[in-house]
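File shown: upload-v2.txt. Contents: compact mmCIF, C-alpha atoms.
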```txt
# COMPACT_ATOMS: atom_id res chain seq x y z
CA MET A 1 97.44 103.15 113.88
CA ILE A 2 98.90 100.98 111.13
CA GLY A 3 98.04 102.02 107.58
CA LEU A 4 96.72 99.57 104.99
CA ILE A 5 97.42 99.82 101.28
CA VAL A 6 95.57 97.50 98.89
CA ILE A 7 97.14 97.21 95.45
CA THR A 8 95.54 95.10 92.72
CA HIS A 9 94.96 94.53 89.03
CA GLY A 10 92.08 96.74 87.91
CA ASP A 11 89.63 98.15 90.47
CA PHE A 12 89.41 94.96 92.53
CA GLY A 13 91.23 96.58 95.48
CA ARG A 14 89.18 99.77 95.39
CA GLN A 15 85.99 97.72 95.48
CA LEU A 16 87.39 95.44 98.18
CA VAL A 17 88.02 98.48 100.39
CA LYS A 18 84.47 99.64 99.65
CA ALA A 19 83.13 96.23 100.65
CA ALA A 20 85.13 96.30 103.90
CA ARG A 21 83.71 99.75 104.65
CA VAL A 22 80.22 98.33 104.22
CA ILE A 23 81.07 95.88 107.00
CA LEU A 24 83.11 98.09 109.33
CA GLY A 25 82.13 101.63 108.45
CA ASP A 26 84.42 104.43 107.31
CA GLN A 27 88.15 103.86 107.82
CA LYS A 28 91.06 106.29 107.87
CA GLU A 29 94.58 105.45 106.67
CA VAL A 30 93.39 102.96 104.06
CA TRP A 31 94.46 103.36 100.46
CA ALA A 32 93.55 101.44 97.31
CA LEU A 33 95.68 101.53 94.18
CA SER A 34 94.42 100.15 90.87
CA LEU A 35 96.74 98.97 88.14
CA HIS A 36 95.35 99.69 84.69
CA GLU A 37 96.58 98.71 81.25
CA LYS A 38 98.54 101.85 80.50
CA ASP A 39 100.31 101.98 83.88
CA GLY A 40 103.90 100.87 84.14
CA LEU A 41 105.81 99.21 86.95
CA GLU A 42 107.72 102.42 87.65
CA THR A 43 104.55 104.58 87.80
CA LEU A 44 103.03 102.20 90.31
CA ARG A 45 106.22 102.17 92.40
CA GLU A 46 106.11 105.96 92.57
CA ARG A 47 102.47 105.93 93.66
CA VAL A 48 103.24 103.41 96.41
CA GLY A 49 106.26 105.47 97.52
CA LYS A 50 104.11 108.58 97.83
CA ILE A 51 101.56 106.83 100.03
CA LEU A 52 104.29 105.38 102.25
CA LYS A 53 105.37 108.95 103.03
CA GLU A 54 101.83 110.00 103.96
CA GLY A 55 100.35 109.74 107.43
CA ASN A 56 101.52 111.26 110.66
CA GLU A 57 104.94 111.33 112.30
CA GLN A 58 104.18 108.59 114.81
CA SER A 59 103.07 106.24 112.05
CA GLU A 60 103.46 102.69 113.27
CA GLY A 61 104.05 101.40 109.78
CA LYS A 62 102.01 100.23 106.84
CA ILE A 63 100.93 96.90 105.43
CA ILE A 64 100.70 96.47 101.69
CA LEU A 65 98.16 93.89 100.57
CA VAL A 66 98.51 92.73 96.96
CA ASP A 67 96.37 90.37 94.91
CA MET A 68 98.93 87.90 93.63
CA LEU A 69 102.60 87.05 93.75
CA GLY A 70 104.17 87.61 90.35
CA GLY A 71 101.80 90.40 89.36
CA THR A 72 102.87 94.02 88.86
CA PRO A 73 101.26 95.18 92.17
CA ALA A 74 103.51 92.71 94.04
CA ASN A 75 106.52 93.52 91.88
CA ALA A 76 106.08 97.25 92.48
CA SER A 77 105.74 96.75 96.26
CA LEU A 78 108.97 94.77 96.46
CA LYS A 79 110.89 97.98 95.92
CA PHE A 80 110.15 98.72 99.59
CA VAL A 81 111.30 95.33 100.85
CA ASN A 82 114.06 96.86 102.99
CA ASP A 83 111.75 99.31 104.74
CA GLU A 84 111.38 98.17 108.38
CA LYS A 85 108.01 99.85 108.63
CA VAL A 86 106.48 98.05 105.66
CA GLU A 87 105.04 94.54 105.46
CA ILE A 88 103.90 93.00 102.15
CA ILE A 89 101.29 90.24 101.92
CA SER A 90 99.84 88.56 98.80
CA GLY A 91 96.44 86.98 98.14
CA VAL A 92 94.32 89.76 99.64
CA ASN A 93 90.67 88.92 100.33
CA LEU A 94 87.87 90.43 102.38
CA PRO A 95 88.53 88.58 105.67
CA MET A 96 92.18 89.64 105.50
CA LEU A 97 91.28 93.26 104.97
CA THR A 98 88.66 93.38 107.72
CA ALA A 99 91.10 91.65 110.13
CA GLY A 100 93.67 94.31 109.30
CA MET A 101 91.16 97.08 109.92
CA ASN A 102 89.94 95.53 113.18
CA TYR A 103 93.30 94.93 114.86
CA ARG A 104 95.54 97.68 113.53
CA ARG A 105 95.08 99.84 116.60
CA SER A 106 95.96 97.06 119.04
CA LEU A 107 98.72 94.99 117.42
CA PRO A 108 102.27 95.92 116.41
CA LEU A 109 103.16 95.75 112.72
CA LYS A 110 104.64 92.25 112.50
CA GLU A 111 101.92 90.73 114.71
CA LEU A 112 99.21 92.31 112.61
CA ALA A 113 100.83 91.03 109.42
CA ARG A 114 100.91 87.51 110.89
CA LEU A 115 97.24 87.72 111.88
CA ILE A 116 96.24 88.92 108.41
CA ARG A 117 98.09 86.02 106.74
CA GLN A 118 96.50 83.56 109.13
CA ARG A 119 92.99 84.96 108.51
CA GLY A 120 93.56 84.69 104.79
CA LYS A 121 94.54 81.02 105.02
CA GLU A 122 91.64 80.21 107.35
CA SER A 123 89.11 81.91 105.09
CA ILE A 124 89.28 79.40 102.25
CA LEU A 125 87.02 76.50 103.11
CA ASP A 126 84.78 73.83 101.63
CA VAL A 127 81.63 75.58 102.83
CA LYS A 128 79.29 72.78 101.74
CA GLN A 129 81.28 70.12 103.60
CA LYS A 130 81.61 72.33 106.68
CA PHE A 131 77.83 72.80 106.74
CA LEU A 132 77.09 69.10 106.24
CA ASP A 133 79.49 68.20 109.08
CA LYS A 134 77.62 70.58 111.39
CA VAL A 135 74.28 69.09 110.39
CA SER A 136 75.41 65.51 111.00
CA LYS A 137 76.94 66.48 114.35
CA ALA A 138 73.67 68.12 115.40
CA LYS A 139 71.72 64.98 114.37
CA ASN A 140 74.00 62.67 116.40
CA LYS A 141 73.45 64.63 119.60
CA MET B 1 111.60 74.01 70.24
CA GLY B 2 113.57 77.12 71.25
CA MET B 3 111.97 80.52 71.30
CA VAL B 4 108.20 80.11 71.42
CA LEU B 5 107.39 83.76 72.07
CA VAL B 6 109.35 86.99 71.86
CA ARG B 7 107.52 89.76 73.66
CA ILE B 8 108.04 93.44 74.37
CA ASP B 9 106.49 94.25 77.73
CA ASP B 10 108.09 96.78 80.05
CA ARG B 11 106.47 95.23 83.10
CA LEU B 12 108.38 92.06 82.13
CA ILE B 13 107.03 89.25 84.33
CA HIS B 14 103.54 90.01 85.63
CA GLY B 15 99.97 88.72 85.79
CA GLN B 16 99.19 88.57 82.07
CA VAL B 17 102.46 86.83 81.33
CA VAL B 18 102.36 84.34 84.21
CA GLU B 19 98.67 83.46 84.23
CA ASN B 20 97.96 83.66 80.54
CA TRP B 21 100.78 83.49 77.99
CA MET B 22 102.97 81.07 79.93
CA LYS B 23 100.15 78.65 80.59
CA LEU B 24 98.77 78.75 77.05
CA LEU B 25 102.15 78.29 75.38
CA LYS B 26 103.44 75.82 78.01
CA ILE B 27 106.52 77.96 78.58
CA ASN B 28 109.17 76.28 80.74
CA HIS B 29 111.89 78.91 80.54
CA VAL B 30 111.43 82.65 80.89
CA ILE B 31 114.31 84.78 79.71
CA ILE B 32 114.47 88.48 80.47
CA VAL B 33 116.85 90.29 78.15
CA ASN B 34 117.81 93.69 79.52
CA ASP B 35 121.17 95.19 80.50
CA ILE B 36 119.82 97.17 83.44
CA VAL B 37 117.78 94.40 85.05
CA ALA B 38 120.60 91.89 84.50
CA SER B 39 123.01 94.05 86.50
CA ASP B 40 120.63 94.83 89.37
CA GLN B 41 120.52 92.14 92.08
CA MET B 42 117.27 93.50 93.57
CA GLN B 43 115.40 93.40 90.28
CA LYS B 44 116.84 89.99 89.44
CA ALA B 45 115.55 88.58 92.73
CA LEU B 46 112.19 90.25 92.23
CA PHE B 47 111.57 88.83 88.80
CA SER B 48 112.82 85.34 89.63
CA MET B 49 110.36 85.33 92.52
CA ALA B 50 107.54 86.36 90.19
CA VAL B 51 107.89 83.20 88.08
CA PRO B 52 105.85 80.33 89.47
CA GLY B 53 106.91 76.80 90.35
CA PRO B 54 109.42 74.82 88.32
CA THR B 55 109.74 77.28 85.43
CA LYS B 56 113.35 78.23 84.74
CA THR B 57 114.21 81.92 84.81
CA SER B 58 117.22 83.58 83.21
CA ILE B 59 117.99 87.26 83.35
CA LEU B 60 120.57 88.17 80.75
CA THR B 61 122.27 91.19 79.25
CA ILE B 62 121.85 91.58 75.50
CA ALA B 63 125.42 90.30 74.99
CA GLN B 64 124.78 87.26 77.20
CA ALA B 65 121.50 86.53 75.40
CA LYS B 66 123.26 86.62 72.06
CA GLU B 67 125.87 84.09 73.24
CA ALA B 68 123.24 81.80 74.76
CA ILE B 69 120.97 81.84 71.70
CA LEU B 70 123.74 81.42 69.14
CA ASN B 71 125.13 78.51 71.20
CA GLY B 72 121.72 76.86 71.05
CA GLN B 73 121.25 76.90 74.83
CA PHE B 74 117.45 77.20 74.65
CA GLU B 75 116.97 74.62 71.89
CA GLY B 76 115.39 72.01 74.16
CA ASP B 77 113.19 74.52 75.98
CA ARG B 78 109.88 76.20 75.34
CA ALA B 79 111.33 79.62 75.95
CA MET B 80 109.75 83.04 76.22
CA LEU B 81 111.99 86.05 75.67
CA LEU B 82 110.93 89.27 77.36
CA PHE B 83 112.19 92.71 76.39
CA VAL B 84 111.34 96.16 77.73
CA SER B 85 111.77 97.98 74.41
CA PRO B 86 111.98 97.54 70.64
CA GLN B 87 115.48 99.04 70.85
CA ASP B 88 116.69 96.03 72.85
CA VAL B 89 115.16 93.61 70.32
CA LEU B 90 116.84 95.51 67.51
CA ASN B 91 120.18 95.40 69.36
CA LEU B 92 119.97 91.64 69.71
CA ILE B 93 119.08 91.20 66.03
CA ASN B 94 121.97 93.47 65.05
CA LYS B 95 124.28 91.15 66.99
CA GLY B 96 123.31 88.31 64.66
CA VAL B 97 120.31 86.69 66.36
CA ARG B 98 117.39 85.80 64.09
CA ILE B 99 113.95 86.84 65.34
CA LYS B 100 111.03 86.48 62.97
CA GLU B 101 108.11 87.55 65.07
CA VAL B 102 107.60 89.90 68.01
CA ASN B 103 104.54 90.31 70.18
CA VAL B 104 104.13 93.79 71.62
CA GLY B 105 102.26 93.48 74.88
CA GLY B 106 102.80 96.58 76.95
CA MET B 107 104.75 99.81 76.88
CA HIS B 108 103.61 102.10 79.63
CA TYR B 109 102.53 105.71 79.25
CA SER B 110 104.61 108.70 80.26
CA PRO B 111 104.15 112.37 79.33
CA GLU B 112 106.79 112.44 76.59
CA LYS B 113 105.22 109.42 74.87
CA LYS B 114 102.21 109.03 72.67
CA GLN B 115 99.57 106.48 73.58
CA ILE B 116 98.67 104.53 70.43
CA LEU B 117 96.79 101.63 71.98
CA LYS B 118 95.28 100.94 75.39
CA ALA B 119 98.48 99.38 76.73
CA ILE B 120 101.03 100.76 74.30
CA SER B 121 102.64 104.19 74.35
CA VAL B 122 105.64 105.02 72.20
CA SER B 123 108.43 107.59 72.14
CA LYS B 124 110.13 108.91 68.98
CA GLU B 125 112.97 106.44 69.58
CA ASP B 126 110.50 103.56 69.95
CA ILE B 127 108.89 104.50 66.62
CA GLN B 128 112.27 104.53 64.88
CA ALA B 129 113.18 101.14 66.35
CA PHE B 130 109.84 99.62 65.29
CA GLN B 131 110.28 100.96 61.77
CA GLU B 132 113.76 99.47 61.61
CA LEU B 133 112.48 96.09 62.84
CA ASP B 134 109.76 96.24 60.22
CA ARG B 135 112.31 97.06 57.54
CA LEU B 136 114.32 94.01 58.60
CA GLY B 137 111.26 91.87 57.98
CA VAL B 138 110.33 91.18 61.61
CA HIS B 139 106.62 90.55 61.95
CA LEU B 140 105.17 92.80 64.68
CA GLU B 141 101.81 92.28 66.32
CA ALA B 142 100.26 94.20 69.21
CA ARG B 143 98.42 91.91 71.58
CA MET B 144 98.20 92.16 75.36
CA VAL B 145 96.73 88.75 76.14
CA PRO B 146 96.27 85.74 73.83
CA ASP B 147 92.52 86.22 73.39
CA ASP B 148 92.86 89.83 72.26
CA GLU B 149 92.66 90.62 68.58
CA LYS B 150 96.04 90.77 66.82
CA ILE B 151 96.65 94.34 65.80
CA ASP B 152 99.05 95.39 63.06
CA ILE B 153 101.11 97.83 65.09
CA MET B 154 103.11 99.06 62.09
CA GLU B 155 99.98 100.36 60.43
CA ILE B 156 99.31 102.53 63.49
CA ILE B 157 102.93 103.58 63.89
CA ASN B 158 103.34 104.55 60.26
CA ARG B 159 100.18 106.62 60.52
CA GLU B 160 101.53 108.32 63.67
CA ALA B 161 104.94 108.93 62.13
CA LYS B 162 103.50 110.90 59.20
```
Structure encoded using structure tokens:
Amino acid sequence: MIGLIVITHGDFGRQLVKAARVILGDQKEVWALSLHEKDGLETLRERVGKILKEGNEQSEGKIILVDMLGGTPANASLKFVNDEKVEIISGVNLPMLTAGMNYRRSLPLKELARLIRQRGKESILDVKQKFLDKVSKAKNK
Amino acid sequence: MGMVLVRIDDRLIHGQVVENWMKLLKINHVIIVNDIVASDQMQKALFSMAVPGPTKTSILTIAQAKEAILNGQFEGDRAMLLFVSPQDVLNLINKGVRIKEVNVGGMHYSPEKKQILKAISVSKEDIQAFQELDRLGVHLEARMVPDDEKIDIMEIINREAK
């Protein structure tokens, strides 16, 4: 199973994992790291490094999900850019995390990372317009 | 315009800088001044990637920064200078660069340091460097993001140093 690490400013990631658990139930091999004011880049790097070493021998890799490119969570993760068993994705949201949780037993690392990115992009929509389109379609039938 | 903001922040380019300071001050050139980062290709790539869109990024050693500033290379820019420590700022000033004002945004905690503000922890060496900057007439304010209250960091440091 592929591990998921959510790293964000403040407790956003911790709460995001909680929210995903509400939807999918308890999940193993999921970590959330919060960056707080007094934390440094190096401290966060160390915490990420520690988690990357966790998990069992047959670990199929881990995906790091960060909130935004340019932030310290992303900067800290980039230390592991040369690790073949690590993927790093920015812009984490709930659909991305639940997709990761749902498919991490069935897809290999790179495929799962691609799916998560795709889900993220697909999840941002003009909900009002989408609804109105459906309504007008239904009327025209 | 030249140097719009000089900031000490050991996370260098990150969320508060990119999403807040840079936007508010319309910064178009971010300059990291640090000998270690400037000689590390990985870190250079990382921080250039962290700067959004068309903003220019330079990552310079203290010696290179001195040359660039004294040659007026940033004169036409709205530049932000980022340092990891007060020692580096002091070094640059001692090389002949004039800096009037420094914003202290973040110095992370570690066990041998003392936390004096939410985002600022200082070592003995940091305290000495701040005191020297103060003695040289550099105005020092502690402020993480623009909307925070400006705090007189020297008042706190002098209290701590007693």
- chain A contacts on chain B, only C-alpha atoms, 6 Å, as a VMD selection string: chain B and resid 11 14 to 15 50 108 to 109 119
- Message: Taking 3 positions as the minimum chain separation for residues in the same chain, which residues sit within 7 Å of B:Asp77 when counting only C-alpha atoms? Answer as a PyMOL selection string.
- Response: chain B and resi 1-2+28-29+74
- Message: Residues near stretch 17-23 of chain B, anyone? I mean within 10 Å using all atoms listed in the file, not counting same-chain ones fewer than 2 positions away, as a PyMOL selection string.
- Response: (chain A and resi 69-71) or (chain B and resi 5+7+9+11-15+25-30+50-52+55+78-80+82+105+144-147)
- Query: Which residues, written as a VMD selection string, have at least one atom at most 8 Å from A:Gly10, with all atoms listed in the file counted and residues fewer than 3 positions away on the same chain left out?
  - Reply: chain A and resid 13 34 to 36
- Item | Residue contacts of stretch 40-42 of chain B (12 Å, only C-alpha atoms) excluding same-chain residues fewer than 3 positions away, as JSON, numbers by chain | {"A": [75, 76, 78, 79, 80, 81, 82], "B": [34, 35, 36, 37, 45, 46, 47, 48, 49, 59, 60, 61]}
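Taking atom CA of A:Met96 as the reference point, atom CA of A:Gly25 is found at 15.9 Å.
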- Query: atom CA of A:Glu54 and atom CA of A:Arg119 are how many Å apart?
  - Reply: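 Taking atom CA of A:Glu54 as the start and atom CA of A:Arg119 as the end point, the length is 26.9 Å.
For the pair atom CA of A:Val66 and atom CA of B:Ser121, the interatomic distance is 25.7 Å.
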- Option closest in space to A:Arg104, from A:Ile116, A:Ala32, A:Val22, A:Ile88 [counting all atoms listed in the file]: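 With all atoms listed in the file as the atom set, the closest residue is A:Ile116.
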- Message: Please list as an MDAnalysis selection string every residue within 8 Å of B:Leu133, counting only C-alpha atoms and excluding residues in the same chain fewer than 4 positions away.
- Response: chainID B and resid 86 90 129 137:138
- Query: From the list A:Ser136, A:Gln27, A:Lys18, A:Glu84, which residue is nearest A:Gly61 when using all atoms listed in the file?
  - Reply: A:Glu84
- Message: I'd like to know which of B:Leu140, B:Ile69, B:Ile127, B:Ile8 is closest to B:Ala161, using only C-alpha atoms.
- Response: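 Of B:Leu140, B:Ile69, B:Ile127, B:Ile8, the one nearest B:Ala161 is B:Ile127, counting only C-alpha atoms.
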- Residue with the minimum atom-to-atom distance to B:Lys114, picked from B:Asp88, B:Glu160, B:Glu155, B:Glu75 with all atoms listed in the file counted, is B:Glu160
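With distances taken over all atoms listed in the file, B:Met107 is the one residue among B:Gln64, B:Met107, B:Thr57, B:Gln87 lying closest to B:Asp10.
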